[in-house]
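A quick write-up on the structure given underneath.
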2 protein chains.
Amino acid sequence: MTSPNSPYRELERRFERLHHLGGARAVLGWDNQTMMPEGGAAARAEQTALLGVLAHEMITHPALGELMDRAGSEPLEPWQEANLREMRRQWRHATAIGADLVEALSKAVSASEQCWRTARPANDFAALRPYLARVLALVREVAAAKAAAFGCSPYDALLDEYEPDGSAGRIDAIFADLEGFLPGFLGRVMERQAARGAATVPTGPFPIARQRDLGVRLMRTLGFDFHHGRLDVSNHPFCGGVPDDVRITTRYDEADFTSSLMGVLHETGHALYERGLPAAWRAQPVGQARGMSVHESQSLLIEMQACRSREFLTFAAALMREAFAADGPAWGHENLYRHYTRVAPGHIRVEADEVTYPAHVILRYRLERAMIAGDLALDDLPGAWADASRRLLGIVPPDDRLGCLQDIHWPDGAWGYFPTYTLGAMTAAQLFAAARTADPDIMPAIARGDFAPLFRWLRTHVHGQGSFLSTDALLTNATGRPLDAGAFKTHLETRYLE
Amino acid sequence: MTSPNSPYRELERRFERLHHLGGARAVLGWDNQTMMPEGGAAARAEQTALLGVLAHEMITHPALGELMDRAGSEPLEPWQEANLREMRRQWRHATAIGADLVEALSKAVSASEQCWRTARPANDFAALRPYLARVLALVREVAAAKAAAFGCSPYDALLDEYEPDGSAGRIDAIFADLEGFLPGFLGRVMERQAARGAATVPTGPFPIARQRDLGVRLMRTLGFDFHHGRLDVSNHPFCGGVPDDVRITTRYDEADFTSSLMGVLHETGHALYERGLPAAWRAQPVGQARGMSVHESQSLLIEMQACRSREFLTFAAALMREAFAADGPAWGHENLYRHYTRVAPGHIRVEADEVTYPAHVILRYRLERAMIAGDLALDDLPGAWADASRRLLGIVPPDDRLGCLQDIHWPDGAWGYFPTYTLGAMTAAQLFAAARTADPDIMPAIARGDFAPLFRWLRTHVHGQGSFLSTDALLTNATGRPLDAGAFKTHLETRYLE
């Protein structure tokens, strides 16, 4: 339909460049976390910053606005239309704020992130406060500028970068539903768990080479293709690289293989989403992941829904015993299932189980919204954190290290990101329930270590859609309705009160 | 002297960008050879090509020519003057040819290199011929355009990219001297070697982990800082990365550790040159390596001059025995010295010893000059190769696989590169002789595994000079005269006819 010289085609060419520039940055970022010797940090920072500047120059190029206007009058196919919509979204975010503000924020974030790395272990909120204040002030400037440009609230403007078309209004309603449910539910789970007794924890040491082999074996079971990806080690596990070369990481603990192994399965969920994105649209915005809540839904669907199920753990327990040449009561599938579904309120978000995790997220969401709105001052953050933790989790952190200093997100400038974790968990539950209804063989197959039926459904309904649909439309097409907390609550009740 | 807004300072900012873009490409290139799964090749090619295009756009930016003219009238310090000179050199190479020719050559090289990868093992020169013909035609176009722009011969214009200010006239004279010396010398070496009997070769298997540990230990002995670098595995060993994060590679053979180990020491020589480049000029052209012959001189000075010496091998033999828990006649230092200084004419350049290596290079240099001049047609290449090999090495390759198909350089577009190998070997000999005269403790220290005196001299006279001086001036300052074959011939006579 479109001619090779049309404005739309010219936009495709420019966004393809942006995509490959992003791919180059992704490889540098992966290397940074996995391979780079410490002494390479300064040079790497310059390389990464330069690629960021070049990308910013490309997307804010004066010709782009006019090209998008003209492309809007071209007769486009539906995927091209959607691609143009996603180009506009990226362009809108980039052009809403001036280069000065981008640079100021980037520098403030570097300084504050660096300070956080020492302030956190030193439990020194006072040291971080001025750096964090600078970041918050600039993020509020960004939010105000984007809000004016997009015609939405400042918080929604921030949210849109991670959760396209997301709104605090929708999140409030869903989180209120969860908040009404969880405290009572948690009480019942804890009672039941106490009555049943604790699982026996397998004791090591578990040699790292064997942990790795087991992880690789299960990655292959899930369908990870090592011709198009790698598994490596980093301090903070992540999924990086590009769709045709997806690189996930984990960290190993010789005393406990269970946590690293589940982390590998989690990142494999992210990786298989990336691999399943529509190949014909690889280098275009519409070919990219739909947003952070959908991305997190794919890791949590694998980790929480599929791989912490009794079916999968029955299959996997045999491989675990084989990998570590182990046997005995700790290695029975029922015991491992209980170990992997243990619930215990704690202070640290990243160590939380799926029942208490939402409380951690709701806490941060409430506090960051108040700070962006100017209703909560940084000086009052530790106190507000303690109050919210008491109310939501029933515990009060003894210090800021276990409280408001624990996460990198705020010092790192990622305001508006936290809600996507719990939106992702709920999305995972809703998608998994729909998949199992659509194909009753999914769970029996998983019990045999066969993930093909599950991924057949996910490829069609989620992965292969890229960013063609809005998140709401994607979920409605796949599950019959937009996101709500229903499937997640049902999942928790089924698993924890069976 | 120069103001922050002067044209010179603006040039420094632009070349700093180019440097960091080059650094990003270097990391992608390293990853490509060491880490990347095969399925990532297409995406990586796009990323690398894009960074190449962006670098070309930066250096051919219309403002650069005028900035360089204006900077030429500024009052510059000597290093700034030299920096401007090196900026001009890079700019001259980039602007001498049009973007169309750059792109055409880049595509022709990709196609021909890809064909070479299968044509070589298949011994199929006919299959490569059309691809190579296309590359040669375009390289000749490049050479003609650069020759016109620089006011020199086409071959010298190609040479300048690898060997700044190099000329075929100089090379002819030096190679003629070598060619008069080597055949007779080789005969005497072979006689002497036959009389002395062959060295006993240590027999394996040699576990790769132990080979690696030994390599790392010797790298540390030489002064390699793993805070600023790595050792990995690749099919074709190389030294990559950036000066503050230098990455060398090797490949291991369980049946023979000696070749891989010497390869590690060779690449360590390259790496320590990169690390020793002047830190204050890191991101500028004048802070970069002087050229390929000086770079190769630093790897060969370490490998051939220092590490194949009796002094070093006496020290290293003890570590080798320890690493492999081995003993017996093969592991004596005198036997290992004989093994590492064995001379044997063969068909493959990369396997050649230091006595026969120059013949391989002279052969290629003569043939590529004739092809660039249009005096030798590709159809006649296999025959011309056989004739030259008979004359220079006394052997005729039984097929093209062991003849004109063995090297990647021509299919890869690197015409004018070959002479730098032998220029590097001679430069290494001349520098090493001067260093030993200047500091008589260098060899006794090496015998103790102490490379500090050697690197003190190299840092001052070579590494820390970056591209401040021309190659001729660098050598004259360091050794009292420009390059000639004298020190190399003396070295060979001392080592092989002692």
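If you're wondering about the labels, chains in the structure tokens are A, B, ... by order shown, residues count from 1 in each chain, ligands from 1 in order shown.
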
Problem - Within 10 Å of Ile97 (chain B) using only C-alpha atoms, minus same-chain residues under 6 positions, as JSON, numbers by chain - result: {"B": [141, 142, 143, 144, 145, 146, 149]}

Exercise for the section: At a cut-off of 9 Å, list the chain B residues touching chain A, using only C-alpha atoms, as a ChimeraX atom specification. Expected result: /B:17,19-25,27-28,31,35-44,46-48,50-51,54,226-230,242-246

Using only C-alpha atoms, which protein or nucleic acid residues come within 12 Å of Lys107 (chain B)? Drop anything in the same chain fewer than 3 positions from it, and give the result as a PDB file with C-alpha atoms, in the first residue's frame.
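Result written to out_2.pdb:
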ATOM      1  CA  ALA B  45      25.558  -7.207  11.829  1.00  0.00           C
ATOM      2  CA  ALA B  49      26.898  -1.567  10.528  1.00  0.00           C
ATOM      3  CA  ASP B 100      28.493   4.966  -2.298  1.00  0.00           C
ATOM      4  CA  LEU B 101      31.946   3.432  -2.653  1.00  0.00           C
ATOM      5  CA  VAL B 102      32.169   2.837   1.099  1.00  0.00           C
ATOM      6  CA  GLU B 103      28.858   1.003   1.051  1.00  0.00           C
ATOM      7  CA  ALA B 104      29.644  -0.980  -2.103  1.00  0.00           C
ATOM      8  CA  SER B 110      30.746  -9.185   3.501  1.00  0.00           C
ATOM      9  CA  ALA B 111      29.829 -11.391   0.548  1.00  0.00           C
ATOM     10  CA  SER B 112      33.389 -12.345  -0.256  1.00  0.00           C
ATOM     11  CA  GLU B 113      34.324 -13.043   3.367  1.00  0.00           C
ATOM     12  CA  GLN B 114      31.269 -15.268   3.710  1.00  0.00           C
ATOM     13  CA  TYR B 131      33.677 -12.254  -5.125  1.00  0.00           C
ATOM     14  CA  ARG B 134      34.598  -7.485  -7.002  1.00  0.00           C
ATOM     15  CA  VAL B 135      36.519  -6.635  -3.821  1.00  0.00           C
ATOM     16  CA  LEU B 138      36.542  -1.680  -5.492  1.00  0.00           C
ATOM     17  CA  PRO B 411      38.574 -11.375   0.839  1.00  0.00           C
ATOM     18  CA  ASP B 412      38.180  -9.075   3.851  1.00  0.00           C
ATOM     19  CA  GLY B 413      39.377  -5.992   1.966  1.00  0.00           C
TER      20      GLY B 413
END

Handout entry: Near-Leu182 (chain A) list (9 Å; only C-alpha atoms; drop same-chain fewer than 2 positions) as JSON, numbers by chain
Key = {"A": [177, 178, 179, 180, 184, 185, 186, 187, 355, 356, 358, 359, 392, 489]}

Practice task
From a DSSP calculation on the backbone, collect every residue of region 146-305 of chain B in helix (DSSP H, G or I) and output the set as a VMD selection string.
Solution key: chain B and resid 146 to 150 154 to 162 168 to 196 208 to 222 226 to 228 258 to 276 279 to 281 285 to 287 292 to 305

Practice task
Find the residues around region 56-73 of chain A up to 10 Å (only C-alpha atoms counted), leave out those fewer than 3 positions away in its own chain, and share them as a ChimeraX atom specification.
Solution key: /A:2,6-11,14-15,17-18,50-53,76,80-81,84-85,87-88,90-96,98-99,102
